[in-house]
$ cat structure.pdb   # PDB, C-alpha atoms
ATOM      1  CA  MET A   1      73.820 121.741 122.776
ATOM      2  CA  VAL A   2      71.298 119.655 120.896
ATOM      3  CA  ARG A   3      72.812 117.449 118.257
ATOM      4  CA  GLY A   4      70.681 117.634 115.145
ATOM      5  CA  THR A   5      71.154 116.223 111.693
ATOM      6  CA  PRO A   6      73.997 118.082 109.978
ATOM      7  CA  ASP A   7      73.220 120.001 106.844
ATOM      8  CA  HIS A   8      75.352 117.894 104.534
ATOM      9  CA  ALA A   9      73.571 114.725 105.725
ATOM     10  CA  ILE A  10      70.209 116.237 104.793
ATOM     11  CA  TYR A  11      71.633 117.211 101.439
ATOM     12  CA  PHE A  12      72.893 113.723 100.712
ATOM     13  CA  THR A  13      69.647 112.023 101.754
ATOM     14  CA  ARG A  14      67.425 114.389  99.794
ATOM     15  CA  CYS A  15      69.555 114.489  96.712
ATOM     16  CA  SER A  16      69.583 110.874  95.553
ATOM     17  CA  MET A  17      71.419 111.762  92.355
ATOM     18  CA  LEU A  18      74.916 111.689  93.787
ATOM     19  CA  PRO A  19      74.685 108.171  95.290
ATOM     20  CA  ASN A  20      73.259 106.952  91.982
ATOM     21  CA  LEU A  21      76.181 108.487  90.141
ATOM     22  CA  THR A  22      78.805 107.028  92.424
ATOM     23  CA  ASN A  23      77.243 103.615  93.090
ATOM     24  CA  ALA A  24      79.056 102.037  90.163
ATOM     25  CA  LEU A  25      82.316 103.613  91.332
ATOM     26  CA  ASP A  26      81.735 102.365  94.864
ATOM     27  CA  PHE A  27      81.188  98.798  93.667
ATOM     28  CA  GLN A  28      84.322  98.800  91.520
ATOM     29  CA  ALA A  29      86.347 100.420  94.315
ATOM     30  CA  LYS A  30      85.459  97.529  96.630
ATOM     31  CA  ALA A  31      86.421  95.033  93.944
ATOM     32  CA  LEU A  32      89.731  96.892  93.486
ATOM     33  CA  VAL A  33      90.555  96.691  97.198
ATOM     34  CA  ILE A  34      89.908  92.931  97.237
ATOM     35  CA  ARG A  35      92.002  92.477  94.082
ATOM     36  CA  ALA A  36      94.856  94.400  95.741
ATOM     37  CA  ASP A  37      94.518  92.231  98.856
ATOM     38  CA  ARG A  38      94.635  89.079  96.775
ATOM     39  CA  GLN A  39      97.653  90.351  94.856
ATOM     40  CA  ARG A  40      99.449  90.830  98.169
ATOM     41  CA  VAL A  41      98.521  87.364  99.418
ATOM     42  CA  ILE A  42      99.760  85.709  96.220
ATOM     43  CA  ALA A  43     102.991  87.724  96.445
ATOM     44  CA  SER A  44     103.436  86.319  99.956
ATOM     45  CA  ASN A  45     102.958  82.803  98.587
ATOM     46  CA  ILE A  46     105.560  83.338  95.871
ATOM     47  CA  ALA A  47     107.972  84.844  98.413
ATOM     48  CA  ASN A  48     107.587  81.774 100.629
ATOM     49  CA  ALA A  49     107.827  79.202  97.835
ATOM     50  CA  ASP A  50     110.989  77.733  99.420
ATOM     51  CA  THR A  51     110.038  78.047 103.104
ATOM     52  CA  PRO A  52     109.577  74.659 104.806
ATOM     53  CA  GLY A  53     106.143  74.147 106.340
ATOM     54  CA  TYR A  54     104.581  77.258 104.785
ATOM     55  CA  ALA A  55     100.876  76.879 103.995
ATOM     56  CA  GLY A  56      99.774  78.882 100.960
ATOM     57  CA  ARG A  57      96.890  81.326 101.435
ATOM     58  CA  ASP A  58      94.331  82.660  99.006
ATOM     59  CA  ILE A  59      91.234  84.830  98.923
ATOM     60  CA  ASN A  60      87.898  83.577  97.643
ATOM     61  CA  PHE A  61      86.946  86.632  95.612
ATOM     62  CA  LYS A  62      83.237  85.818  95.468
ATOM     63  CA  GLU A  63      82.907  85.447  99.244
ATOM     64  CA  ALA A  64      85.042  88.498  99.953
ATOM     65  CA  MET A  65      82.994  90.604  97.517
ATOM     66  CA  THR A  66      79.714  89.403  99.028
ATOM     67  CA  ALA A  67      80.995  90.294 102.487
ATOM     68  CA  ALA A  68      82.175  93.715 101.282
ATOM     69  CA  LEU A  69      78.811  94.455  99.664
ATOM     70  CA  GLY A  70      76.965  93.355 102.789
ATOM     71  CA  GLY A  71      78.330  96.362 104.684
ATOM     72  CA  ASN A  72      77.039  99.876 104.279
ATOM     73  CA  SER A  73      77.322 100.848 100.659
ATOM     74  CA  LEU A  74      77.438 104.605 101.218
ATOM     75  CA  SER A  75      80.468 105.795 103.102
ATOM     76  CA  LEU A  76      78.716 109.014 104.106
ATOM     77  CA  THR A  77      76.164 107.310 106.356
ATOM     78  CA  ARG A  78      76.939 107.884 109.977
ATOM     79  CA  SER A  79      77.514 104.797 112.094
ATOM     80  CA  ALA A  80      77.723 106.587 115.429
ATOM     81  CA  PRO A  81      76.109 104.891 118.412
ATOM     82  CA  ALA A  82      73.145 106.755 119.856
ATOM     83  CA  GLY A  83      74.376 109.848 121.655
ATOM     84  CA  GLY A  84      78.006 108.912 121.140
ATOM     85  CA  THR A  85      80.674 109.685 118.595
ATOM     86  CA  PRO A  86      82.066 107.355 115.920
ATOM     87  CA  GLU A  87      85.223 105.517 116.854
ATOM     88  CA  GLY A  88      88.216 107.842 116.710
ATOM     89  CA  ALA A  89      86.081 110.944 116.201
ATOM     90  CA  THR A  90      85.756 113.841 118.608
ATOM     91  CA  ASP A  91      82.416 115.056 117.324
ATOM     92  CA  SER A  92      79.264 113.146 116.407
ATOM     93  CA  ARG A  93      79.108 114.996 113.094
ATOM     94  CA  HIS A  94      82.435 113.625 111.906
ATOM     95  CA  ILE A  95      82.163 111.358 108.910
ATOM     96  CA  PRO A  96      83.731 107.946 109.665
ATOM     97  CA  LEU A  97      86.512 106.874 107.363
ATOM     98  CA  GLN A  98      86.398 103.489 105.753
ATOM     99  CA  SER A  99      89.439 101.365 106.331
ATOM    100  CA  SER A 100      91.899 101.805 103.515
ATOM    101  CA  THR A 101      94.242  99.032 104.587
ATOM    102  CA  GLY A 102      92.030  96.293 103.242
ATOM    103  CA  THR A 103      89.140  94.466 104.770
ATOM    104  CA  LEU A 104      90.602  91.027 105.226
ATOM    105  CA  GLY A 105      92.360  89.765 108.315
ATOM    106  CA  ARG A 106      94.644  86.789 108.440
ATOM    107  CA  ASP A 107      91.794  84.610 109.749
ATOM    108  CA  LYS A 108      89.533  85.283 106.758
ATOM    109  CA  LEU A 109      91.906  83.741 104.235
ATOM    110  CA  ASP A 110      91.588  80.265 102.794
ATOM    111  CA  TYR A 111      94.403  77.740 102.595
ATOM    112  CA  THR A 112      95.600  76.320  99.318
ATOM    113  CA  THR A 113      95.870  72.549  98.916
ATOM    114  CA  GLN A 114      98.984  70.672  97.913
ATOM    115  CA  THR A 115      98.795  69.593  94.292
ATOM    116  CA  GLN A 116     102.124  67.806  94.387
ATOM    117  CA  PRO A 117     102.864  67.111  98.066
ATOM    118  CA  ALA A 118     106.391  68.062  99.082
ATOM    119  CA  MET A 119     108.489  66.529 101.848
ATOM    120  CA  ASP A 120     108.980  69.892 103.572
ATOM    121  CA  GLY A 121     105.230  70.496 103.956
ATOM    122  CA  ASN A 122     105.187  73.569 101.698
ATOM    123  CA  SER A 123     101.865  73.815  99.871
ATOM    124  CA  VAL A 124     102.846  76.493  97.312
ATOM    125  CA  ASP A 125     102.530  75.326  93.703
ATOM    126  CA  MET A 126     104.611  77.849  91.772
ATOM    127  CA  ASP A 127     102.797  77.270  88.455
ATOM    128  CA  ARG A 128      99.418  77.800  90.033
ATOM    129  CA  GLU A 129     100.573  80.861  91.967
ATOM    130  CA  ARG A 130     102.065  82.481  88.883
ATOM    131  CA  ALA A 131      98.878  81.820  86.925
ATOM    132  CA  ASN A 132      96.813  83.269  89.777
ATOM    133  CA  PHE A 133      99.114  86.277  89.975
ATOM    134  CA  VAL A 134      98.788  87.095  86.283
ATOM    135  CA  ASP A 135      95.044  86.397  86.336
ATOM    136  CA  ASN A 136      94.593  88.688  89.318
ATOM    137  CA  SER A 137      96.666  91.493  87.830
ATOM    138  CA  VAL A 138      94.664  91.404  84.588
ATOM    139  CA  ARG A 139      91.431  91.575  86.575
ATOM    140  CA  TYR A 140      92.858  94.404  88.675
ATOM    141  CA  GLU A 141      93.597  96.361  85.512
ATOM    142  CA  ALA A 142      90.111  95.580  84.187
ATOM    143  CA  THR A 143      88.590  96.978  87.374
ATOM    144  CA  LEU A 144      90.779 100.074  87.001
ATOM    145  CA  ARG A 145      89.494 100.569  83.471
ATOM    146  CA  PHE A 146      85.902 100.244  84.659
ATOM    147  CA  ILE A 147      86.573 102.930  87.263
ATOM    148  CA  ASN A 148      88.229 105.197  84.708
ATOM    149  CA  GLY A 149      85.303 104.654  82.312
ATOM    150  CA  SER A 150      82.708 105.481  84.972
ATOM    151  CA  SER A 151      84.581 108.550  86.116
ATOM    152  CA  ARG A 152      84.871 109.757  82.535
ATOM    153  CA  THR A 153      81.129 109.219  82.087
ATOM    154  CA  ILE A 154      80.368 111.144  85.256
ATOM    155  CA  LEU A 155      82.718 113.953  84.241
ATOM    156  CA  SER A 156      81.143 114.315  80.813
ATOM    157  CA  ALA A 157      77.683 114.320  82.422
ATOM    158  CA  ILE A 158      78.759 117.087  84.802
ATOM    159  CA  GLN A 159      80.480 119.181  82.186
ATOM    160  CA  GLY A 160      77.788 118.673  79.559
ATOM    161  CA  GLN A 161      80.206 119.095  76.697
TER     162      GLN A 161
ATOM    163  CA  MET B 162      97.287 101.352  99.084
ATOM    164  CA  SER B 163      97.798  97.997 100.678
ATOM    165  CA  MET B 164      99.697  96.777  97.629
ATOM    166  CA  PHE B 165     102.798  98.697  98.713
ATOM    167  CA  SER B 166     103.625  95.909 101.150
ATOM    168  CA  ILE B 167     104.274  93.633  98.147
ATOM    169  CA  PHE B 168     107.628  95.401  97.834
ATOM    170  CA  ASN B 169     108.467  94.508 101.431
ATOM    171  CA  VAL B 170     107.364  90.897 100.980
ATOM    172  CA  SER B 171     109.098  90.293  97.653
ATOM    173  CA  GLY B 172     112.081  92.331  98.792
ATOM    174  CA  SER B 173     112.554  90.082 101.807
ATOM    175  CA  ALA B 174     112.319  87.032  99.533
ATOM    176  CA  VAL B 175     114.851  88.486  97.083
ATOM    177  CA  SER B 176     117.260  89.214  99.910
ATOM    178  CA  ALA B 177     116.815  85.702 101.360
ATOM    179  CA  GLN B 178     117.343  84.101  97.961
ATOM    180  CA  SER B 179     120.458  86.159  97.330
ATOM    181  CA  GLN B 180     121.818  85.019 100.679
ATOM    182  CA  ARG B 181     121.133  81.447  99.556
ATOM    183  CA  LEU B 182     123.032  82.176  96.317
ATOM    184  CA  ASN B 183     125.902  83.550  98.391
ATOM    185  CA  VAL B 184     126.071  80.353 100.421
ATOM    186  CA  VAL B 185     125.987  78.263  97.246
ATOM    187  CA  ALA B 186     128.839  80.343  95.828
ATOM    188  CA  SER B 187     130.867  79.847  98.983
ATOM    189  CA  ASN B 188     130.197  76.088  98.911
ATOM    190  CA  LEU B 189     131.196  75.794  95.254
ATOM    191  CA  ALA B 190     134.312  77.869  95.796
ATOM    192  CA  ASN B 191     135.383  75.544  98.593
ATOM    193  CA  ALA B 192     134.387  72.330  96.815
ATOM    194  CA  ASP B 193     138.000  71.250  96.439
ATOM    195  CA  ALA B 194     139.374  72.870  99.581
ATOM    196  CA  VAL B 195     141.656  70.634 101.581
ATOM    197  CA  ALA B 196     141.528  70.298 105.343
ATOM    198  CA  GLY B 197     144.270  72.039 107.271
ATOM    199  CA  PRO B 198     146.676  70.303 109.628
ATOM    200  CA  ASP B 199     143.909  70.100 112.282
ATOM    201  CA  GLY B 200     141.801  67.889 109.981
ATOM    202  CA  GLN B 201     138.878  70.331 110.021
ATOM    203  CA  GLY B 202     137.784  70.623 106.396
ATOM    204  CA  TYR B 203     135.169  72.961 104.924
ATOM    205  CA  LYS B 204     131.622  71.738 105.572
ATOM    206  CA  ALA B 205     128.824  72.490 103.114
ATOM    207  CA  ARG B 206     126.444  75.171 104.402
ATOM    208  CA  GLN B 207     122.705  75.462 103.925
ATOM    209  CA  VAL B 208     120.357  78.371 104.633
ATOM    210  CA  VAL B 209     117.128  77.771 106.594
ATOM    211  CA  PHE B 210     114.149  79.868 105.477
ATOM    212  CA  GLN B 211     111.465  81.051 107.864
ATOM    213  CA  THR B 212     108.201  82.935 107.362
ATOM    214  CA  VAL B 213     107.939  86.381 108.993
ATOM    215  CA  PRO B 214     104.638  88.283 109.295
ATOM    216  CA  MET B 215     104.880  91.739 107.706
ATOM    217  CA  GLY B 216     102.744  94.525 109.091
ATOM    218  CA  SER B 217      99.280  94.079 110.472
ATOM    219  CA  ASP B 218      97.760  92.676 107.320
ATOM    220  CA  ALA B 219      97.892  89.121 106.060
ATOM    221  CA  SER B 220     101.124  89.375 104.084
ATOM    222  CA  SER B 221     104.103  87.289 105.107
ATOM    223  CA  GLY B 222     107.698  87.665 104.024
ATOM    224  CA  VAL B 223     110.624  85.329 104.417
ATOM    225  CA  LYS B 224     113.964  85.513 106.190
ATOM    226  CA  VAL B 225     117.023  83.344 106.655
ATOM    227  CA  SER B 226     116.639  82.134 110.232
ATOM    228  CA  SER B 227     119.935  80.254 110.446
ATOM    229  CA  ILE B 228     122.740  78.690 108.433
ATOM    230  CA  THR B 229     123.435  75.038 109.147
ATOM    231  CA  GLU B 230     126.542  72.989 108.369
ATOM    232  CA  SER B 231     126.295  69.586 106.750
ATOM    233  CA  ASN B 232     127.219  66.576 108.923
ATOM    234  CA  GLU B 233     128.268  64.401 106.008
ATOM    235  CA  PRO B 234     131.737  62.858 106.449
ATOM    236  CA  LEU B 235     134.578  64.679 104.684
ATOM    237  CA  LYS B 236     135.758  63.314 101.328
ATOM    238  CA  ARG B 237     138.952  61.268 101.736
ATOM    239  CA  VAL B 238     141.232  61.217  98.712
ATOM    240  CA  HIS B 239     144.379  59.075  98.456
ATOM    241  CA  ASN B 240     147.217  61.439  97.532
ATOM    242  CA  PRO B 241     150.433  60.612  99.432
ATOM    243  CA  THR B 242     152.428  63.385  97.742
ATOM    244  CA  HIS B 243     150.113  66.098  99.045
ATOM    245  CA  PRO B 244     151.657  68.136 101.861
ATOM    246  CA  SER B 245     148.472  67.782 103.961
ATOM    247  CA  ALA B 246     148.290  64.011 103.595
ATOM    248  CA  ASP B 247     148.015  62.012 106.824
ATOM    249  CA  ALA B 248     150.081  58.967 107.784
ATOM    250  CA  ASP B 249     148.055  56.673 105.487
ATOM    251  CA  GLY B 250     148.482  59.048 102.515
ATOM    252  CA  TYR B 251     144.887  60.341 102.608
ATOM    253  CA  VAL B 252     143.825  63.997 102.246
ATOM    254  CA  ASN B 253     140.581  65.279 103.818
ATOM    255  CA  GLN B 254     138.583  67.357 101.373
ATOM    256  CA  SER B 255     135.358  69.328 101.933
ATOM    257  CA  ASN B 256     132.039  67.435 101.911
ATOM    258  CA  VAL B 257     130.464  69.732  99.276
ATOM    259  CA  ASN B 258     128.442  67.918  96.620
ATOM    260  CA  PRO B 259     128.810  70.102  93.487
ATOM    261  CA  VAL B 260     125.731  68.578  91.802
ATOM    262  CA  GLU B 261     123.540  69.435  94.787
ATOM    263  CA  GLU B 262     124.953  72.943  94.847
ATOM    264  CA  MET B 263     124.244  73.514  91.150
ATOM    265  CA  VAL B 264     120.627  72.379  91.632
ATOM    266  CA  ASN B 265     120.381  74.681  94.645
ATOM    267  CA  MET B 266     121.773  77.552  92.599
ATOM    268  CA  ILE B 267     119.248  77.094  89.773
ATOM    269  CA  SER B 268     116.376  76.904  92.273
ATOM    270  CA  ALA B 269     117.547  80.056  94.059
ATOM    271  CA  SER B 270     117.971  81.920  90.780
ATOM    272  CA  ARG B 271     114.475  80.977  89.577
ATOM    273  CA  SER B 272     112.898  82.045  92.873
ATOM    274  CA  TYR B 273     114.831  85.314  92.703
ATOM    275  CA  GLN B 274     113.510  85.967  89.187
ATOM    276  CA  ASN B 275     109.945  85.120  90.225
ATOM    277  CA  ASN B 276     110.023  87.659  93.019
ATOM    278  CA  ILE B 277     111.517  90.356  90.794
ATOM    279  CA  GLU B 278     108.699  89.741  88.333
ATOM    280  CA  VAL B 279     106.153  90.038  91.133
ATOM    281  CA  MET B 280     107.625  93.403  92.092
ATOM    282  CA  ASN B 281     107.583  94.597  88.471
ATOM    283  CA  THR B 282     103.911  93.648  88.096
ATOM    284  CA  ALA B 283     103.019  95.340  91.377
ATOM    285  CA  LYS B 284     104.861  98.460  90.254
ATOM    286  CA  THR B 285     102.990  98.515  86.930
ATOM    287  CA  LEU B 286      99.653  98.112  88.699
ATOM    288  CA  LEU B 287     100.437 100.845  91.210
ATOM    289  CA  LEU B 288     101.511 103.232  88.451
ATOM    290  CA  LYS B 289      98.262 102.539  86.592
ATOM    291  CA  THR B 290      96.348 103.122  89.830
ATOM    292  CA  LEU B 291      98.049 106.502  90.142
ATOM    293  CA  GLN B 292      96.629 107.468  86.752
ATOM    294  CA  MET B 293      93.101 106.635  87.830
ATOM    295  CA  GLY B 294      90.536 109.171  86.622
ATOM    296  CA  GLN B 295      92.841 110.927  84.190
TER     297      GLN B 295
END

$ encode --input "structure.pdb" --output "structure tokens"
Amino acid sequence: MVRGTPDHAIYFTRCSMLPNLTNALDFQAKALVIRADRQRVIASNIANADTPGYAGRDINFKEAMTAALGGNSLSLTRSAPAGGTPEGATDSRHIPLQSSTGTLGRDKLDYTTQTQPAMDGNSVDMDRERANFVDNSVRYEATLRFINGSSRTILSAIQGQ
Amino acid sequence: MSMFSIFNVSGSAVSAQSQRLNVVASNLANADAVAGPDGQGYKARQVVFQTVPMGSDASSGVKVSSITESNEPLKRVHNPTHPSADADGYVNQSNVNPVEEMVNMISASRSYQNNIEVMNTAKTLLLKTLQMGQ
């Protein structure tokens, strides 16, 4: 059997309207995933505020966003090796799923510095962490609103009402 | 959603802090306890916190790895009429320092509150995420 280009792939490459419509959504979705990751990391810091020797972690949003945008922007592009199938797929025409568990590993996180050094070596500054937590949750909600706004725009464009 | 693990992380912290509060309560309750005939009085206890990795992602919770006993000498109070007094008229009391315990209690209670607030915020954000596109 000769593996040709699947029909839906031709449709998505020829019809450039759909990527244009969803580009803004895609961008905000990536920002949302990084915001959720950062929220989790700050929650870990707050949980370990009393643990001796714990080093606080944080995510540099700008770097993480640049890295996320550097990857393929359209999730429908096939990343299969020549003649092979994408990882975890049983057919070369399967569309690879993007990881939904976040993009950042433990090694990609930065360390926070001690503002007021403590004897037990803990580098969590509770005031800073709480400020970061609130700041991040407001930005998360802002990103959510952007997504809702874009989706409403797209819906009204589709429905034409 | 990767934010669900916040509940595991903050939940572990809340449970560790409540264990710390329990130990403080036990210390305060025994602050004036007198040593028995064997001379072994109550020794102040302290929890030891330790970081535990949670899941495959970069979140880390906390657990109580052990409970240590203080090595401070027992308080010796001169009270010859006390039934547990030794030959010199001294009674061995526990080595709990109530001031230290109160400070410990306030710290534990503030950390507990912080983690509850983190969980509330995460819950609000997740609920708003559920309404996305509506």

$ atom_distance --input "structure.pdb" --atom1 "atom CA of A:Ala31" --atom2 "atom CA of A:Asn48"
25.9 Å

$ atom_distance --input "structure.pdb" --atom1 "atom CA of A:Asp58" --atom2 "atom CA of B:Met280"
18.4 Å

$ closest_residue --input "structure.pdb" --among "B:Ala246, B:Val175, B:Met266, B:Met164" --to "A:Val33" --atoms "only C-alpha atoms"
B:Met164

$ resolve_selection --input "structure.pdb" --expression "the PyMOL selection byres ((chain B and resi 188) around 8)" --output "ChimeraX atom specification"
/B:184-187,189-192,205-206,257,262

$ closest_residue --input "structure.pdb" --among "A:Leu21, A:Ala67, A:Ile147, A:Ala118" --to "chain B" --atoms "all atoms listed in the file"
A:Ile147

$ residues_around --input "structure.pdb" --residues "A:Thr112" --least-positions-apart "4" --cutoff "9 Å" --atoms "only C-alpha atoms" --output "ChimeraX atom specification"
/A:55-58,123-125

$ resolve_selection --input "structure.pdb" --expression "the ChimeraX specification (/A :<10) & /B" --output "PyMOL selection string"
chain B and resi 162-175+177-178+209-215+217-225+268-269+272-273+275-276+278-280+282-283+285-287+289-290+292-295

$ atom_distance --input "structure.pdb" --atom1 "atom CA of B:Val195" --atom2 "atom CA of B:Val260"
18.8 Å
